[in-house]
Amino acid sequence: MKKLCLGLLLFGALTIYGEENEPFWLGADISWTIEQESKGIVNHDSEGHPMENTALMKSFGLNAIRLRVWVDSETGFNTPEHVLEMARRAQSNGMEIMIDFHYSDNWADPGHNNSPKKWEGLKVVDVKGKLAEHTRQTLQLLKDNGVDVKWVQVGNETTNGMIWPMARIPDHFETYVELSNAGYDAVKEVYPEAIVITHLDDGYNRFLYEYIFNAMQRLGGKFDAIGMSVYPFWSHRDQTTKEAVTDIIDNINVISKEFNCPVIIVETGATVWKPEEGYDFLSRLITAAKNDTEGRCTGVFYWEPTGIYTPLDDSYGLGAFDSFKPTKIMDAFKEAAATNKTN
């Protein structure tokens with residue numbers, strides 16, 4: 001039997017792959033915004049005018065915003081309340097919302113996936129309940145305040161599982177699927193039509209995606225779409241070469257057909273100190289994702305374009321702003337938006 005993405009079975013192909021009148025999604029994760037604002041940091045447009053971050057992204061043609069949420073934030077930021085504030089701003093600018101649950105009190109990724117402190121020592125069944133409760137309560141807060149949510153990530157870059165050591169992959173794959181399904185079901189309770197994403201890193205790695213999603217389907221894992229991180233820098237690739245884009249597009253086409261699921265690039269980034277190269281990479285990536293995947297890739301999201309970078313300090317190097325002003329990298333979004341459909 002042909003493998004089917006669960007969301008395809010539940011809602012039909014058009015719902016998951018996007019209605020014909022939907023635009024290609026041009027997005028950004030700007031979850032650092034409230035923390036930046038607390039420190040008095042203000043970003044500017046190309047002419048040097050100060051702008052709030054969601055409005056600034058909108059001015060470059062972006063039509064979606066991604067927001068991370070932690071359980072009991074160790075930093076005091078990325079809380080459900082901060083997510084609500086940012087989602088309201090984005091929605092007021094006519095942008096769609098993606099929520100990214102990290103299921104940790106701090107960063108969750110292939111190298112960091114610690115259990116929230118208050119879940120430590122609990123049994124699997126209890127963590128399952130806590131995860132579902134956290135998911136429902138966060139989303140219900142948004143819904144009660146009039147926020148529409150289009151996508152939800154159940155975990156961030158869960159290549160090595162989540163909530164270590166309980167649901168670490170490959171040692172506890174069945175537990176990972178059980179917890180992931182608890183998150184999926186909780187999302188659907190609040191937003192039945194939201195697209196639930198399972199997100200992995202290294203979108204160039206076909207073996208990784210086939211391994212994870214074959215196991216997910218064998219164990220009854222639920223997901224509506226596949227999320228990818230695509231960073232030439234972290235994958236040790238030259239962002240100026242043709243292969244930096246063609247390899248990822250080839251992988252998207254193979255994986256989306258194999259699992260009959262849409263793919264969305266939920267994270268990408270280029271080296272900000274080489275803006276011409278970064279612009280070229282992002283422009284080629286968006287164009288290929290939009291035109292060379294038969295609609296199977298539904299969007300490209302940049303991770304923290306306003307991440308602080310100044311030449312004089314040790315700061316984030318894969319954003320798209322230099323000294324609080326946009327680099328040429330952002331022009332790739334503006335040019336793509338000029339030919340995009342409106343929703």
# chains A, B, ... in the order shown; residues from 1 in each chain; ligands from 1
>>> select_by_dssp(residues="range 186-267 of chain A", states="helix (DSSP H, G or I)", output="PyMOL selection string")
chain A and resi 186-190+206-218+243-258
>>> select_by_dssp(residues="range 17-208 of chain A", states="strand (DSSP E or B)", output="VMD selection string")
chain A and resid 25 to 29 43 to 44 50 to 51 64 to 69 96 to 101 109 112 114 151 to 154 161 to 162 164 167 to 168 195 to 200
>>> write_last_selection(atoms="N, CA, C and O atoms", output="short mmCIF file (atom, residue, chain, number, x, y, z; two decimals), in the first residue's frame")
data_model
loop_
_atom_site.label_atom_id
_atom_site.label_comp_id
_atom_site.auth_asym_id
_atom_site.auth_seq_id
_atom_site.Cartn_x
_atom_site.Cartn_y
_atom_site.Cartn_z
N TRP A 25 4.45 30.29 0.85
CA TRP A 25 4.66 30.93 2.14
C TRP A 25 6.10 31.40 2.30
O TRP A 25 7.04 30.63 2.19
N LEU A 26 6.23 32.68 2.52
CA LEU A 26 7.52 33.33 2.76
C LEU A 26 7.52 33.76 4.22
O LEU A 26 6.76 34.66 4.60
N GLY A 27 8.33 33.11 5.04
CA GLY A 27 8.23 33.35 6.47
C GLY A 27 9.55 33.59 7.16
O GLY A 27 10.62 33.48 6.56
N ALA A 28 9.44 33.91 8.44
CA ALA A 28 10.63 34.10 9.28
C ALA A 28 10.28 33.78 10.71
O ALA A 28 9.17 34.04 11.17
N ASP A 29 11.23 33.19 11.41
CA ASP A 29 11.14 33.04 12.85
C ASP A 29 11.80 34.27 13.47
O ASP A 29 12.99 34.51 13.27
N ASN A 43 15.18 47.44 15.31
CA ASN A 43 15.67 47.23 13.95
C ASN A 43 15.10 48.29 13.02
O ASN A 43 14.12 48.97 13.35
N HIS A 44 15.72 48.42 11.86
CA HIS A 44 15.39 49.49 10.92
C HIS A 44 15.19 48.95 9.52
O HIS A 44 15.70 47.87 9.18
N PRO A 50 13.24 53.26 12.02
CA PRO A 50 12.94 52.20 13.00
C PRO A 50 11.58 51.58 12.72
O PRO A 50 10.62 52.26 12.39
N MET A 51 11.50 50.25 12.87
CA MET A 51 10.25 49.54 12.64
C MET A 51 10.14 48.37 13.60
O MET A 51 11.14 47.74 13.96
N ALA A 64 4.18 35.15 6.60
CA ALA A 64 4.04 34.22 7.71
C ALA A 64 5.13 34.44 8.75
O ALA A 64 6.24 34.86 8.41
N ILE A 65 4.81 34.14 9.99
CA ILE A 65 5.74 34.28 11.11
C ILE A 65 5.75 32.98 11.93
O ILE A 65 4.69 32.40 12.18
N ARG A 66 6.94 32.57 12.34
CA ARG A 66 7.11 31.36 13.16
C ARG A 66 7.57 31.80 14.56
O ARG A 66 8.43 32.67 14.69
N LEU A 67 6.98 31.17 15.60
CA LEU A 67 7.24 31.57 16.97
C LEU A 67 7.50 30.35 17.84
O LEU A 67 6.69 29.42 17.86
N ARG A 68 8.60 30.34 18.57
CA ARG A 68 8.91 29.21 19.45
C ARG A 68 8.33 29.46 20.84
O ARG A 68 8.16 30.60 21.27
N VAL A 69 8.07 28.35 21.53
CA VAL A 69 7.55 28.45 22.89
C VAL A 69 8.23 27.40 23.75
O VAL A 69 8.40 26.25 23.35
N GLU A 96 0.20 34.78 8.45
CA GLU A 96 -0.17 33.51 9.05
C GLU A 96 0.83 33.14 10.14
O GLU A 96 1.96 33.63 10.15
N ILE A 97 0.41 32.23 11.04
CA ILE A 97 1.19 31.91 12.24
C ILE A 97 1.60 30.44 12.26
O ILE A 97 0.76 29.56 12.05
N MET A 98 2.88 30.20 12.57
CA MET A 98 3.38 28.86 12.86
C MET A 98 3.89 28.86 14.30
O MET A 98 4.68 29.72 14.69
N ILE A 99 3.44 27.88 15.10
CA ILE A 99 3.89 27.74 16.48
C ILE A 99 4.86 26.55 16.55
O ILE A 99 4.57 25.46 16.06
N ASP A 100 5.99 26.78 17.21
CA ASP A 100 7.06 25.79 17.30
C ASP A 100 7.26 25.40 18.76
O ASP A 100 7.89 26.12 19.53
N PHE A 101 6.71 24.25 19.15
CA PHE A 101 6.85 23.75 20.52
C PHE A 101 8.20 23.06 20.68
O PHE A 101 8.49 22.07 20.00
N ASP A 109 17.00 20.97 20.18
CA ASP A 109 17.52 20.72 18.84
C ASP A 109 18.27 19.40 18.90
O ASP A 109 18.27 18.74 19.94
N HIS A 112 20.49 19.46 21.96
CA HIS A 112 19.94 19.87 23.25
C HIS A 112 18.46 19.52 23.25
O HIS A 112 17.71 20.07 22.45
N ASN A 114 16.62 18.71 26.57
CA ASN A 114 16.43 18.38 27.97
C ASN A 114 14.96 18.45 28.37
O ASN A 114 14.22 19.30 27.90
N TRP A 151 -0.04 26.45 11.24
CA TRP A 151 0.86 25.31 11.40
C TRP A 151 1.29 25.19 12.86
O TRP A 151 1.44 26.19 13.55
N VAL A 152 1.55 23.95 13.28
CA VAL A 152 2.11 23.70 14.61
C VAL A 152 3.19 22.63 14.49
O VAL A 152 2.94 21.55 13.95
N GLN A 153 4.37 22.95 15.01
CA GLN A 153 5.44 21.97 15.11
C GLN A 153 5.35 21.26 16.45
O GLN A 153 5.39 21.90 17.50
N VAL A 154 5.25 19.95 16.42
CA VAL A 154 5.28 19.15 17.64
C VAL A 154 6.73 18.72 17.86
O VAL A 154 7.16 17.64 17.49
N GLY A 161 15.02 12.73 18.66
CA GLY A 161 13.92 12.59 19.60
C GLY A 161 13.67 13.84 20.40
O GLY A 161 14.03 14.95 20.01
N MET A 162 13.04 13.69 21.55
CA MET A 162 12.69 14.82 22.42
C MET A 162 12.71 14.36 23.87
O MET A 162 12.73 13.17 24.18
N TRP A 164 14.82 14.24 26.48
CA TRP A 164 15.84 13.23 26.83
C TRP A 164 15.87 12.98 28.34
O TRP A 164 15.63 13.90 29.13
N ALA A 167 12.61 10.00 25.64
CA ALA A 167 12.16 9.79 24.26
C ALA A 167 13.27 10.07 23.27
O ALA A 167 13.05 10.63 22.20
N ARG A 168 14.48 9.67 23.65
CA ARG A 168 15.62 9.87 22.75
C ARG A 168 15.60 8.81 21.65
O ARG A 168 15.29 7.64 21.90
N ILE A 195 -2.07 22.43 10.39
CA ILE A 195 -1.15 21.47 9.80
C ILE A 195 -0.06 21.17 10.82
O ILE A 195 0.69 22.06 11.22
N VAL A 196 0.01 19.91 11.25
CA VAL A 196 0.98 19.52 12.27
C VAL A 196 2.24 19.01 11.59
O VAL A 196 2.19 18.12 10.73
N ILE A 197 3.37 19.57 11.99
CA ILE A 197 4.66 19.34 11.35
C ILE A 197 5.57 18.53 12.25
O ILE A 197 5.71 18.83 13.43
N THR A 198 6.22 17.51 11.68
CA THR A 198 7.36 16.86 12.31
C THR A 198 8.61 17.41 11.65
O THR A 198 8.76 17.34 10.43
N HIS A 199 9.51 17.95 12.47
CA HIS A 199 10.63 18.77 11.98
C HIS A 199 11.96 18.10 12.29
O HIS A 199 12.25 17.77 13.45
N LEU A 200 12.79 17.94 11.26
CA LEU A 200 14.14 17.43 11.39
C LEU A 200 15.14 18.45 10.88
O LEU A 200 14.78 19.36 10.12
#
>>> residues_around(residues="Ser92 in chain A", least_positions_apart="2", cutoff="12 Å", atoms="only C-alpha atoms", output="ChimeraX atom specification")
/A:54-55,58,63-65,85-90,94-97,146-148
>>> closest_residue(among="A:Gly227, A:Pro232, A:Gly221, A:Pro116", to="Tyr204 in chain A", atoms="only C-alpha atoms")
A:Pro232
>>> closest_residue(among="A:Ala215, A:Ile169, A:Cys5, A:Val272", to="Phe233 in chain A", atoms="only C-alpha atoms")
A:Val272
>>> residues_around(residues="Ser104 in chain A", least_positions_apart="2", cutoff="10 Å", atoms="only C-alpha atoms", output="PyMOL selection string")
chain A and resi 69-74+101-102+106-108+112-119+155-156+162-164
>>> closest_residue(among="A:Asp313, A:Asp322, A:Asp280, A:Asp224", to="Glu335 in chain A", atoms="only C-alpha atoms")
A:Asp280
>>> residues_around(residues="range 245-252 of chain A", least_positions_apart="4", cutoff="8 Å", atoms="only C-alpha atoms", output="NGL selection string")
:A and (203-206 or 230 or 241 or 256 or 263 or 281 or 284-285 or 288-289 or 292-293 or 296-297)
>>> atom_distance(atom1="CA of Pro23 in chain A", atom2="CA of Ala320 in chain A")
22.8 Å
>>> closest_residue(among="A:Gly40, A:Pro80, A:Gly129, A:Gly269", to="Tyr231 in chain A", atoms="only C-alpha atoms")
A:Gly269
>>> residues_around(residues="Ile264 in chain A", least_positions_apart="5", cutoff="8 Å", atoms="only C-alpha atoms", output="list in words")
Ala225, Ile226, Gly227, Met228, Cys297, Thr298, Gly299 and Val300 of chain A
